[in-house]
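Data block for my_file_21.cif (mmCIF, C-alpha atoms, pLDDT in the B column; chains and numbers go by the auth columns):
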data_entry
#
loop_
_atom_site.group_PDB
_atom_site.id
_atom_site.type_symbol
_atom_site.label_atom_id
_atom_site.label_comp_id
_atom_site.label_asym_id
_atom_site.label_seq_id
_atom_site.Cartn_x
_atom_site.Cartn_y
_atom_site.Cartn_z
_atom_site.B_iso_or_equiv
_atom_site.auth_seq_id
_atom_site.auth_asym_id
ATOM 1 C CA MET A 1 106.995 83.136 104.997 95.00 1 K
ATOM 2 C CA LEU A 2 105.047 85.474 102.741 97.00 2 K
ATOM 3 C CA HIS A 3 105.725 88.768 101.023 98.00 3 K
ATOM 4 C CA ALA A 4 102.629 90.291 99.371 98.00 4 K
ATOM 5 C CA LYS A 5 102.459 93.719 97.806 98.00 5 K
ATOM 6 C CA VAL A 6 100.672 95.824 95.198 98.00 6 K
ATOM 7 C CA ILE A 7 103.254 97.897 93.318 98.00 7 K
ATOM 8 C CA GLU A 8 102.141 101.326 92.165 97.00 8 K
ATOM 9 C CA ILE A 9 104.147 101.519 88.983 96.00 9 K
ATOM 10 C CA LYS A 10 104.337 105.322 89.061 95.00 10 K
ATOM 11 C CA LYS A 11 106.149 105.135 92.381 96.00 11 K
ATOM 12 C CA GLU A 12 108.312 102.003 92.142 95.00 12 K
ATOM 13 C CA LYS A 13 109.427 99.208 89.839 92.00 13 K
ATOM 14 C CA ILE A 14 108.557 95.533 89.989 95.00 14 K
ATOM 15 C CA GLU A 15 111.835 93.600 90.130 93.00 15 K
ATOM 16 C CA ILE A 16 112.584 89.883 90.125 95.00 16 K
ATOM 17 C CA SER A 17 115.781 90.482 92.099 96.00 17 K
ATOM 18 C CA ARG A 18 113.680 91.313 95.178 97.00 18 K
ATOM 19 C CA ALA A 19 111.891 87.980 94.803 97.00 19 K
ATOM 20 C CA GLU A 20 115.214 86.135 94.470 97.00 20 K
ATOM 21 C CA GLN A 21 116.480 87.692 97.676 97.00 21 K
ATOM 22 C CA PHE A 22 113.266 86.924 99.541 97.00 22 K
ATOM 23 C CA VAL A 23 113.048 83.203 98.748 96.00 23 K
ATOM 24 C CA ALA A 24 116.787 82.469 98.970 95.00 24 K
ATOM 25 C CA SER A 25 117.490 79.928 101.710 92.00 25 K
ATOM 26 C CA SER A 26 119.671 76.846 102.038 91.00 26 K
ATOM 27 C CA LYS A 27 116.708 74.886 103.410 94.00 27 K
ATOM 28 C CA PHE A 28 114.925 75.111 100.046 96.00 28 K
ATOM 29 C CA GLY A 29 116.106 72.898 97.199 96.00 29 K
ATOM 30 C CA ALA A 30 113.672 74.227 94.580 97.00 30 K
ATOM 31 C CA SER A 31 112.593 77.707 93.531 97.00 31 K
ATOM 32 C CA ILE A 32 110.114 78.686 90.810 98.00 32 K
ATOM 33 C CA PHE A 33 109.861 82.212 89.434 98.00 33 K
ATOM 34 C CA PHE A 34 106.705 83.066 87.522 98.00 34 K
ATOM 35 C CA THR A 35 106.249 86.375 85.757 97.00 35 K
ATOM 36 C CA GLY A 36 103.192 87.571 83.878 96.00 36 K
ATOM 37 C CA THR A 37 103.914 90.044 81.071 96.00 37 K
ATOM 38 C CA VAL A 38 101.813 92.133 78.694 96.00 38 K
ATOM 39 C CA ARG A 39 101.184 90.167 75.484 94.00 39 K
ATOM 40 C CA ASP A 40 101.061 91.837 72.055 94.00 40 K
ATOM 41 C CA VAL A 41 97.747 90.430 70.782 92.00 41 K
ATOM 42 C CA ASN A 42 94.459 89.664 72.487 91.00 42 K
ATOM 43 C CA GLU A 43 91.347 88.564 70.599 89.00 43 K
ATOM 44 C CA ASN A 44 92.919 89.684 67.294 91.00 44 K
ATOM 45 C CA LYS A 45 93.608 93.187 68.583 91.00 45 K
ATOM 46 C CA LYS A 46 97.126 94.605 68.734 95.00 46 K
ATOM 47 C CA VAL A 47 97.808 95.519 72.321 95.00 47 K
ATOM 48 C CA THR A 48 100.187 98.353 73.241 96.00 48 K
ATOM 49 C CA GLY A 49 99.800 98.220 77.008 97.00 49 K
ATOM 50 C CA ILE A 50 97.530 97.458 79.934 97.00 50 K
ATOM 51 C CA THR A 51 96.361 99.615 82.806 97.00 51 K
ATOM 52 C CA TYR A 52 95.902 97.523 85.938 97.00 52 K
ATOM 53 C CA ASP A 53 93.479 98.591 88.626 97.00 53 K
ATOM 54 C CA SER A 54 93.160 96.929 92.014 97.00 54 K
ATOM 55 C CA HIS A 55 91.380 97.071 95.339 97.00 55 K
ATOM 56 C CA ASP A 56 94.667 97.005 97.208 97.00 56 K
ATOM 57 C CA ASP A 57 93.438 95.922 100.636 97.00 57 K
ATOM 58 C CA LEU A 58 91.328 93.096 99.234 96.00 58 K
ATOM 59 C CA VAL A 59 94.139 91.982 96.943 97.00 59 K
ATOM 60 C CA ILE A 60 96.583 91.687 99.844 98.00 60 K
ATOM 61 C CA LYS A 61 93.931 89.910 101.879 97.00 61 K
ATOM 62 C CA SER A 62 93.366 87.416 99.046 96.00 62 K
ATOM 63 C CA PHE A 63 97.129 86.772 98.731 97.00 63 K
ATOM 64 C CA GLU A 64 97.319 86.091 102.469 97.00 64 K
ATOM 65 C CA GLU A 65 94.317 83.752 102.364 96.00 65 K
ATOM 66 C CA ILE A 66 95.737 81.821 99.418 97.00 66 K
ATOM 67 C CA TYR A 67 99.060 81.469 101.245 97.00 67 K
ATOM 68 C CA LYS A 68 97.408 80.274 104.449 96.00 68 K
ATOM 69 C CA GLU A 69 95.181 77.663 102.824 95.00 69 K
ATOM 70 C CA VAL A 70 98.126 75.999 101.076 93.00 70 K
ATOM 71 C CA ASP A 71 98.955 74.143 104.298 88.00 71 K
ATOM 72 C CA GLU A 72 95.613 72.406 104.229 91.00 72 K
ATOM 73 C CA LYS A 73 94.994 72.056 100.482 95.00 73 K
ATOM 74 C CA LEU A 74 98.461 71.185 99.193 96.00 74 K
ATOM 75 C CA HIS A 75 100.034 70.050 102.470 94.00 75 K
ATOM 76 C CA ILE A 76 103.047 72.280 101.901 94.00 76 K
ATOM 77 C CA LYS A 77 104.177 73.631 105.238 92.00 77 K
ATOM 78 C CA ASP A 78 107.781 74.615 104.590 95.00 78 K
ATOM 79 C CA LYS A 79 107.793 77.375 101.963 97.00 79 K
ATOM 80 C CA ALA A 80 108.642 80.934 101.022 97.00 80 K
ATOM 81 C CA VAL A 81 106.199 82.844 98.826 98.00 81 K
ATOM 82 C CA PHE A 82 106.732 86.229 97.180 98.00 82 K
ATOM 83 C CA ILE A 83 103.840 87.865 95.315 98.00 83 K
ATOM 84 C CA GLU A 84 103.850 91.330 93.797 98.00 84 K
ATOM 85 C CA HIS A 85 101.248 92.679 91.356 98.00 85 K
ATOM 86 C CA VAL A 86 101.438 95.938 89.470 97.00 86 K
ATOM 87 C CA LYS A 87 98.886 98.728 89.591 97.00 87 K
ATOM 88 C CA GLY A 88 98.928 101.334 86.818 97.00 88 K
ATOM 89 C CA TYR A 89 100.054 101.394 83.180 97.00 89 K
ATOM 90 C CA VAL A 90 102.316 98.582 81.956 97.00 90 K
ATOM 91 C CA ARG A 91 103.787 98.596 78.451 96.00 91 K
ATOM 92 C CA LEU A 92 104.053 95.700 76.043 95.00 92 K
ATOM 93 C CA GLY A 93 106.457 93.020 77.298 95.00 93 K
ATOM 94 C CA GLU A 94 106.721 94.489 80.773 96.00 94 K
ATOM 95 C CA ILE A 95 105.990 92.543 83.953 97.00 95 K
ATOM 96 C CA SER A 96 102.594 92.750 85.642 97.00 96 K
ATOM 97 C CA ILE A 97 103.054 90.049 88.289 97.00 97 K
ATOM 98 C CA VAL A 98 105.889 88.192 89.987 98.00 98 K
ATOM 99 C CA ILE A 99 105.262 85.014 91.952 98.00 99 K
ATOM 100 C CA ALA A 100 108.299 83.354 93.473 98.00 100 K
ATOM 101 C CA VAL A 101 108.052 80.220 95.540 98.00 101 K
ATOM 102 C CA ALA A 102 110.672 78.128 97.289 98.00 102 K
ATOM 103 C CA CYS A 103 110.170 74.687 98.840 97.00 103 K
ATOM 104 C CA PRO A 104 112.385 71.805 99.902 97.00 104 K
ATOM 105 C CA HIS A 105 111.461 69.789 96.754 97.00 105 K
ATOM 106 C CA ARG A 106 110.626 70.626 93.129 97.00 106 K
ATOM 107 C CA SER A 107 107.256 68.872 92.867 97.00 107 K
ATOM 108 C CA GLU A 108 105.745 70.949 95.656 96.00 108 K
ATOM 109 C CA ALA A 109 107.329 74.148 94.263 97.00 109 K
ATOM 110 C CA TYR A 110 105.677 73.550 90.870 98.00 110 K
ATOM 111 C CA ASP A 111 102.326 72.754 92.497 97.00 111 K
ATOM 112 C CA LEU A 112 102.499 75.788 94.736 98.00 112 K
ATOM 113 C CA SER A 113 103.392 78.246 91.976 98.00 113 K
ATOM 114 C CA ARG A 114 100.574 77.018 89.746 97.00 114 K
ATOM 115 C CA TYR A 115 98.075 76.995 92.582 97.00 115 K
ATOM 116 C CA ILE A 116 98.838 80.603 93.518 97.00 116 K
ATOM 117 C CA ILE A 117 98.440 82.098 90.036 97.00 117 K
ATOM 118 C CA GLU A 118 95.229 80.171 89.350 95.00 118 K
ATOM 119 C CA GLU A 119 93.705 81.298 92.661 95.00 119 K
ATOM 120 C CA ILE A 120 94.739 84.911 92.068 96.00 120 K
ATOM 121 C CA LYS A 121 92.939 84.809 88.725 94.00 121 K
ATOM 122 C CA LYS A 122 89.773 83.604 90.460 92.00 122 K
ATOM 123 C CA ARG A 123 89.848 85.614 93.665 93.00 123 K
ATOM 124 C CA SER A 124 92.002 88.736 93.644 96.00 124 K
ATOM 125 C CA PRO A 125 90.188 91.958 92.691 97.00 125 K
ATOM 126 C CA ILE A 126 92.448 93.141 89.900 97.00 126 K
ATOM 127 C CA TRP A 127 91.212 94.555 86.592 97.00 127 K
ATOM 128 C CA LYS A 128 92.785 95.116 83.191 97.00 128 K
ATOM 129 C CA LYS A 129 92.126 97.907 80.752 97.00 129 K
ATOM 130 C CA GLU A 130 93.772 97.049 77.462 96.00 130 K
ATOM 131 C CA HIS A 131 95.118 99.751 75.156 97.00 131 K
ATOM 132 C CA TYR A 132 95.272 99.074 71.420 96.00 132 K
ATOM 133 C CA GLU A 133 97.249 100.287 68.423 93.00 133 K
ATOM 134 C CA ASN A 134 94.270 102.297 67.136 85.00 134 K
ATOM 135 C CA GLU A 135 94.358 104.242 70.416 83.00 135 K
ATOM 136 C CA GLU A 136 91.142 102.682 71.640 93.00 136 K
ATOM 137 C CA SER A 137 91.012 100.968 74.998 95.00 137 K
ATOM 138 C CA GLU A 138 88.617 98.738 76.896 94.00 138 K
ATOM 139 C CA TRP A 139 88.184 97.026 80.235 95.00 139 K
ATOM 140 C CA LEU A 140 88.425 93.254 79.845 94.00 140 K
ATOM 141 C CA LYS A 141 85.269 91.409 80.789 89.00 141 K
ATOM 142 C CA GLY A 142 86.704 89.180 83.522 89.00 142 K
ATOM 143 C CA ASN A 143 84.825 86.774 85.758 90.00 143 K
ATOM 144 C CA PRO A 144 82.605 87.522 88.740 89.00 144 K
ATOM 145 C CA ILE A 145 84.660 87.182 91.896 84.00 145 K
ATOM 146 C CA GLN A 146 84.512 83.792 93.574 61.00 146 K
ATOM 147 C CA THR A 147 84.195 83.781 97.315 55.00 147 K
ATOM 148 C CA ASN A 148 84.745 80.877 99.652 49.00 148 K
ATOM 149 C CA MET B 1 71.925 108.850 104.845 87.00 1 R
ATOM 150 C CA LYS B 2 74.762 109.450 102.429 89.00 2 R
ATOM 151 C CA ILE B 3 77.065 106.634 101.371 92.00 3 R
ATOM 152 C CA LYS B 4 80.189 106.628 99.280 94.00 4 R
ATOM 153 C CA LEU B 5 80.520 103.942 96.624 96.00 5 R
ATOM 154 C CA GLU B 6 84.153 103.398 95.627 97.00 6 R
ATOM 155 C CA LEU B 7 84.598 102.480 91.971 98.00 7 R
ATOM 156 C CA PHE B 8 87.010 99.897 90.599 98.00 8 R
ATOM 157 C CA GLY B 9 87.779 98.387 87.205 97.00 9 R
ATOM 158 C CA ALA B 10 85.075 98.818 84.572 96.00 10 R
ATOM 159 C CA SER B 11 82.795 100.608 87.030 97.00 11 R
ATOM 160 C CA ARG B 12 85.194 103.559 86.935 97.00 12 R
ATOM 161 C CA ASP B 13 83.513 104.542 83.663 96.00 13 R
ATOM 162 C CA LEU B 14 80.403 105.464 85.678 97.00 14 R
ATOM 163 C CA SER B 15 82.020 108.662 86.949 97.00 15 R
ATOM 164 C CA ASN B 16 84.941 111.028 86.471 96.00 16 R
ATOM 165 C CA LYS B 17 85.697 110.614 90.153 96.00 17 R
ATOM 166 C CA ASP B 18 86.854 107.485 91.999 96.00 18 R
ATOM 167 C CA TYR B 19 83.489 107.213 93.708 97.00 19 R
ATOM 168 C CA LEU B 20 79.751 107.907 93.555 97.00 20 R
ATOM 169 C CA GLU B 21 77.634 109.195 96.379 94.00 21 R
ATOM 170 C CA PHE B 22 74.069 108.111 97.028 92.00 22 R
ATOM 171 C CA ASN B 23 71.406 109.023 99.513 90.00 23 R
ATOM 172 C CA ILE B 24 69.825 105.846 100.785 90.00 24 R
ATOM 173 C CA ASP B 25 67.490 104.912 103.605 88.00 25 R
ATOM 174 C CA GLU B 26 69.139 103.762 106.812 85.00 26 R
ATOM 175 C CA LYS B 27 69.783 100.016 106.895 84.00 27 R
ATOM 176 C CA SER B 28 69.276 99.695 103.153 91.00 28 R
ATOM 177 C CA SER B 29 70.688 96.507 101.703 93.00 29 R
ATOM 178 C CA ILE B 30 73.224 95.987 98.929 94.00 30 R
ATOM 179 C CA LYS B 31 70.288 94.832 96.806 95.00 31 R
ATOM 180 C CA GLU B 32 68.720 98.281 97.185 95.00 32 R
ATOM 181 C CA LEU B 33 72.018 100.008 96.446 95.00 33 R
ATOM 182 C CA ARG B 34 72.287 97.939 93.266 96.00 34 R
ATOM 183 C CA LYS B 35 68.840 99.204 92.233 95.00 35 R
ATOM 184 C CA LYS B 36 69.961 102.784 92.926 94.00 36 R
ATOM 185 C CA LEU B 37 72.920 102.235 90.664 96.00 37 R
ATOM 186 C CA ILE B 38 70.742 100.866 87.872 96.00 38 R
ATOM 187 C CA ASN B 39 68.508 103.949 88.206 96.00 39 R
ATOM 188 C CA TYR B 40 71.617 106.132 88.061 96.00 40 R
ATOM 189 C CA VAL B 41 72.639 104.471 84.783 97.00 41 R
ATOM 190 C CA ASP B 42 69.116 104.969 83.417 96.00 42 R
ATOM 191 C CA ASP B 43 69.276 108.678 84.264 95.00 43 R
ATOM 192 C CA LYS B 44 72.876 109.503 83.387 95.00 44 R
ATOM 193 C CA PHE B 45 73.677 107.042 80.621 95.00 45 R
ATOM 194 C CA LYS B 46 70.280 106.412 79.003 94.00 46 R
ATOM 195 C CA GLY B 47 70.163 102.893 80.416 90.00 47 R
ATOM 196 C CA ASN B 48 73.507 101.871 78.838 94.00 48 R
ATOM 197 C CA TYR B 49 73.350 98.068 78.513 95.00 49 R
ATOM 198 C CA ASN B 50 77.038 97.444 79.233 94.00 50 R
ATOM 199 C CA PHE B 51 76.997 99.548 82.381 95.00 51 R
ATOM 200 C CA LYS B 52 73.907 97.748 83.650 96.00 52 R
ATOM 201 C CA LYS B 53 75.544 94.408 82.965 95.00 53 R
ATOM 202 C CA ILE B 54 78.603 95.451 84.977 95.00 54 R
ATOM 203 C CA ILE B 55 76.377 96.390 87.916 96.00 55 R
ATOM 204 C CA GLU B 56 74.377 93.175 87.719 95.00 56 R
ATOM 205 C CA THR B 57 77.505 90.991 87.687 94.00 57 R
ATOM 206 C CA SER B 58 79.421 92.896 90.369 96.00 58 R
ATOM 207 C CA THR B 59 79.834 91.999 94.000 96.00 59 R
ATOM 208 C CA PHE B 60 80.326 94.570 96.737 95.00 60 R
ATOM 209 C CA CYS B 61 82.742 94.927 99.630 94.00 61 R
ATOM 210 C CA SER B 62 82.325 96.555 103.002 93.00 62 R
ATOM 211 C CA GLU B 63 84.558 99.208 104.511 91.00 63 R
ATOM 212 C CA ASP B 64 86.333 96.523 106.533 91.00 64 R
ATOM 213 C CA ASN B 65 87.261 94.679 103.342 92.00 65 R
ATOM 214 C CA ASN B 66 84.804 91.804 103.322 92.00 66 R
ATOM 215 C CA ILE B 67 82.854 90.686 100.285 93.00 67 R
ATOM 216 C CA VAL B 68 79.211 91.095 101.265 93.00 68 R
ATOM 217 C CA SER B 69 75.986 89.554 100.016 92.00 69 R
ATOM 218 C CA ASP B 70 72.931 91.336 98.608 92.00 70 R
ATOM 219 C CA ASN B 71 71.273 91.057 102.039 92.00 71 R
ATOM 220 C CA TYR B 72 74.045 92.995 103.791 92.00 72 R
ATOM 221 C CA LYS B 73 72.633 96.054 105.588 91.00 73 R
ATOM 222 C CA ILE B 74 74.464 99.312 105.084 91.00 74 R
ATOM 223 C CA ILE B 75 74.805 101.162 108.373 84.00 75 R
ATOM 224 C CA LYS B 76 75.340 104.878 108.822 69.00 76 R
ATOM 225 C CA ASP B 77 77.943 106.693 106.693 64.00 77 R
ATOM 226 C CA LYS B 78 79.477 103.573 105.287 82.00 78 R
ATOM 227 C CA LYS B 79 81.926 103.319 102.471 90.00 79 R
ATOM 228 C CA ILE B 80 81.127 100.499 100.075 94.00 80 R
ATOM 229 C CA GLY B 81 83.202 99.250 97.141 96.00 81 R
ATOM 230 C CA ILE B 82 81.855 97.815 93.914 97.00 82 R
ATOM 231 C CA ILE B 83 83.815 94.819 92.652 97.00 83 R
ATOM 232 C CA PRO B 84 83.143 94.167 88.940 97.00 84 R
ATOM 233 C CA PRO B 85 84.178 90.829 87.371 95.00 85 R
ATOM 234 C CA ILE B 86 87.923 90.412 87.867 94.00 86 R
ATOM 235 C CA GLY B 87 90.795 89.309 85.648 85.00 87 R
ATOM 236 C CA GLY B 88 94.264 90.190 86.838 71.00 88 R
ATOM 237 C CA GLY B 89 97.579 88.381 86.608 71.00 89 R
#
Structure translated into structure tokens:
Amino acid sequence: MLHAKVIEIKKEKIEISRAEQFVASSKFGASIFFTGTVRDVNENKKVTGITYDSHDDLVIKSFEEIYKEVDEKLHIKDKAVFIEHVKGYVRLGEISIVIAVACPHRSEAYDLSRYIIEEIKKRSPIWKKEHYENEESEWLKGNPIQTN
Amino acid sequence: MKIKLELFGASRDLSNKDYLEFNIDEKSSIKELRKKLINYVDDKFKGNYNFKKIIETSTFCSEDNNIVSDNYKIIKDKKIGIIPPIGGG
């Protein structure tokens, strides 16, 4: 069971409560909620916010591929996965990504949550433009996309 | 033929719009489109080093949302996306 969405922050909010509702089930004994938030300092520069850009269709496709391959790579068949990533301007301390996973047991929930965020970092076409206290801004360098 | 190159991430600095348009020969490859882009940066941005680096390290995606190689042939009136190095989350 997967929920995957890019949230246009001008149109709607990213909310953990939606993730809680999605993964709630008596068949799962363990749930992990991961949120990524905008940090105040990066490479000695004071950050005030980040603008996220994304290729929405490819991002959703990458989320679906990551979800599907978990069966084979982590051998986790019974699971609920909720992934939402923001697009647009996010202020300091605000949430940019929510990943919620639920599994029968805690060890697989921890593995699954970690696996998903690491794969998103490598494969999902999302970009960050950081905004700084001195009113300058710059796109972060990032890594060339990895394809399977 | 005319193709539309959709811009994402750092490549958005190449234009005020969300895309660039290029006239290319039919069945040109991504490799040739990349060269066109480099020429565009030479003309419009005096060969800006950072812009060229973005182009050189980017991959491209087809209209049907597949990452494509440099050998991929662009067929009539296609929309192509440039995918600069990524870093979300």
Got a sec: who's within 9 Å of R:Ile30, counting only C-alpha atoms, leaving out chain neighbours fewer than 3 positions off, as a list in words?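 Near neighbours after the sequence-gap exclusion: Leu33, Arg34, Lys35, Phe60, Val68, Ser69, Asp70, Asn71, Tyr72, Lys73 and Ile74 of chain R.
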Got a sec: who's within 12 Å of stretch 21-28 of chain K, counting only C-alpha atoms, leaving out chain neighbours fewer than 4 positions off, as a CSV table (one decimal) with C-alpha atoms, in the coordinates of the input?
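The result, written out as selection_20.csv:
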chain,number,residue,atom,x,y,z
K,1,MET,CA,107.0,83.1,105.0
K,2,LEU,CA,105.0,85.5,102.7
K,3,HIS,CA,105.7,88.8,101.0
K,4,ALA,CA,102.6,90.3,99.4
K,15,GLU,CA,111.8,93.6,90.1
K,16,ILE,CA,112.6,89.9,90.1
K,17,SER,CA,115.8,90.5,92.1
K,32,ILE,CA,110.1,78.7,90.8
K,33,PHE,CA,109.9,82.2,89.4
K,78,ASP,CA,107.8,74.6,104.6
K,79,LYS,CA,107.8,77.4,102.0
K,80,ALA,CA,108.6,80.9,101.0
K,81,VAL,CA,106.2,82.8,98.8
K,82,PHE,CA,106.7,86.2,97.2
K,83,ILE,CA,103.8,87.9,95.3
K,84,GLU,CA,103.8,91.3,93.8
K,99,ILE,CA,105.3,85.0,92.0
K,100,ALA,CA,108.3,83.4,93.5
K,101,VAL,CA,108.1,80.2,95.5
K,102,ALA,CA,110.7,78.1,97.3
K,103,CYS,CA,110.2,74.7,98.8
K,104,PRO,CA,112.4,71.8,99.9
K,105,HIS,CA,111.5,69.8,96.8
K,106,ARG,CA,110.6,70.6,93.1
K,108,GLU,CA,105.7,70.9,95.7
K,109,ALA,CA,107.3,74.1,94.3
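A straight line drawn from atom CA of K:Glu138 to atom CA of K:Asp56 is 21.3 Å long.
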Take the PyMOL selection byres ((chain K) within 8 of (chain R)), run it mentally on this structure, and tell me the resulting residues as a tab-separated table (two decimals) with C-alpha atoms, in the frame of the given file.
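For reference, result.tsv as written:
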chain	number	residue	atom	x	y	z
K	36	GLY	CA	103.19	87.57	83.88
K	52	TYR	CA	95.90	97.52	85.94
K	53	ASP	CA	93.48	98.59	88.63
K	54	SER	CA	93.16	96.93	92.01
K	55	HIS	CA	91.38	97.07	95.34
K	57	ASP	CA	93.44	95.92	100.64
K	58	LEU	CA	91.33	93.10	99.23
K	85	HIS	CA	101.25	92.68	91.36
K	96	SER	CA	102.59	92.75	85.64
K	97	ILE	CA	103.05	90.05	88.29
K	117	ILE	CA	98.44	82.10	90.04
K	120	ILE	CA	94.74	84.91	92.07
K	121	LYS	CA	92.94	84.81	88.72
K	122	LYS	CA	89.77	83.60	90.46
K	123	ARG	CA	89.85	85.61	93.66
K	124	SER	CA	92.00	88.74	93.64
K	125	PRO	CA	90.19	91.96	92.69
K	126	ILE	CA	92.45	93.14	89.90
K	127	TRP	CA	91.21	94.56	86.59
K	128	LYS	CA	92.78	95.12	83.19
K	129	LYS	CA	92.13	97.91	80.75
K	139	TRP	CA	88.18	97.03	80.24
K	140	LEU	CA	88.42	93.25	79.84
K	141	LYS	CA	85.27	91.41	80.79
K	142	GLY	CA	86.70	89.18	83.52
K	143	ASN	CA	84.82	86.77	85.76
K	144	PRO	CA	82.60	87.52	88.74
K	145	ILE	CA	84.66	87.18	91.90
K	147	THR	CA	84.20	83.78	97.32
Between K:Val59, K:Thr35, K:Lys87, K:Glu69, which has the minimum distance to K:Glu12 (counting all atoms listed in the file)?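 Nearest candidate to K:Glu12 out of K:Val59, K:Thr35, K:Lys87, K:Glu69: K:Lys87.
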Could you jot down the atom CA of K:Glu20 to atom CA of K:Asp40 separation for me, Å, one decimal place? 27.1 Å
Provide stretch 50-62 of chain R rebuilt to N, CA, C and O atoms, formatted as a short mmCIF file (atom, residue, chain, number, x, y, z; two decimals), in the frame of the given file.
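Result saved to part-v1.cif:
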data_model
loop_
_atom_site.label_atom_id
_atom_site.label_comp_id
_atom_site.auth_asym_id
_atom_site.auth_seq_id
_atom_site.Cartn_x
_atom_site.Cartn_y
_atom_site.Cartn_z
N ASN R 50 75.77 97.96 78.68
CA ASN R 50 77.04 97.44 79.23
C ASN R 50 77.24 97.85 80.69
O ASN R 50 77.71 97.06 81.50
N PHE R 51 76.86 99.09 81.00
CA PHE R 51 77.00 99.55 82.38
C PHE R 51 76.07 98.76 83.31
O PHE R 51 76.45 98.39 84.42
N LYS R 52 74.86 98.51 82.82
CA LYS R 52 73.91 97.75 83.65
C LYS R 52 74.43 96.33 83.89
O LYS R 52 74.32 95.78 84.98
N LYS R 53 75.01 95.77 82.85
CA LYS R 53 75.54 94.41 82.96
C LYS R 53 76.67 94.37 84.01
O LYS R 53 76.77 93.41 84.79
N ILE R 54 77.51 95.38 83.99
CA ILE R 54 78.60 95.45 84.98
C ILE R 54 78.01 95.45 86.39
O ILE R 54 78.46 94.72 87.27
N ILE R 55 76.99 96.27 86.58
CA ILE R 55 76.38 96.39 87.92
C ILE R 55 75.74 95.06 88.34
O ILE R 55 75.89 94.61 89.47
N GLU R 56 75.06 94.44 87.40
CA GLU R 56 74.38 93.18 87.72
C GLU R 56 75.35 92.06 88.06
O GLU R 56 75.03 91.16 88.85
N THR R 57 76.55 92.09 87.47
CA THR R 57 77.50 90.99 87.69
C THR R 57 78.54 91.32 88.77
O THR R 57 79.44 90.52 89.02
N SER R 58 78.44 92.49 89.35
CA SER R 58 79.42 92.90 90.37
C SER R 58 79.04 92.36 91.75
O SER R 58 77.86 92.12 92.03
N THR R 59 80.07 92.21 92.57
CA THR R 59 79.83 92.00 94.00
C THR R 59 80.22 93.31 94.70
O THR R 59 80.69 94.24 94.06
N PHE R 60 80.03 93.34 95.99
CA PHE R 60 80.33 94.57 96.74
C PHE R 60 81.18 94.21 97.95
O PHE R 60 81.12 93.08 98.44
N CYS R 61 81.95 95.19 98.42
CA CYS R 61 82.74 94.93 99.63
C CYS R 61 82.50 96.03 100.66
O CYS R 61 82.23 97.18 100.30
N SER R 62 82.58 95.63 101.90
CA SER R 62 82.32 96.56 103.00
C SER R 62 83.59 97.36 103.30
O SER R 62 84.67 97.05 102.78
#
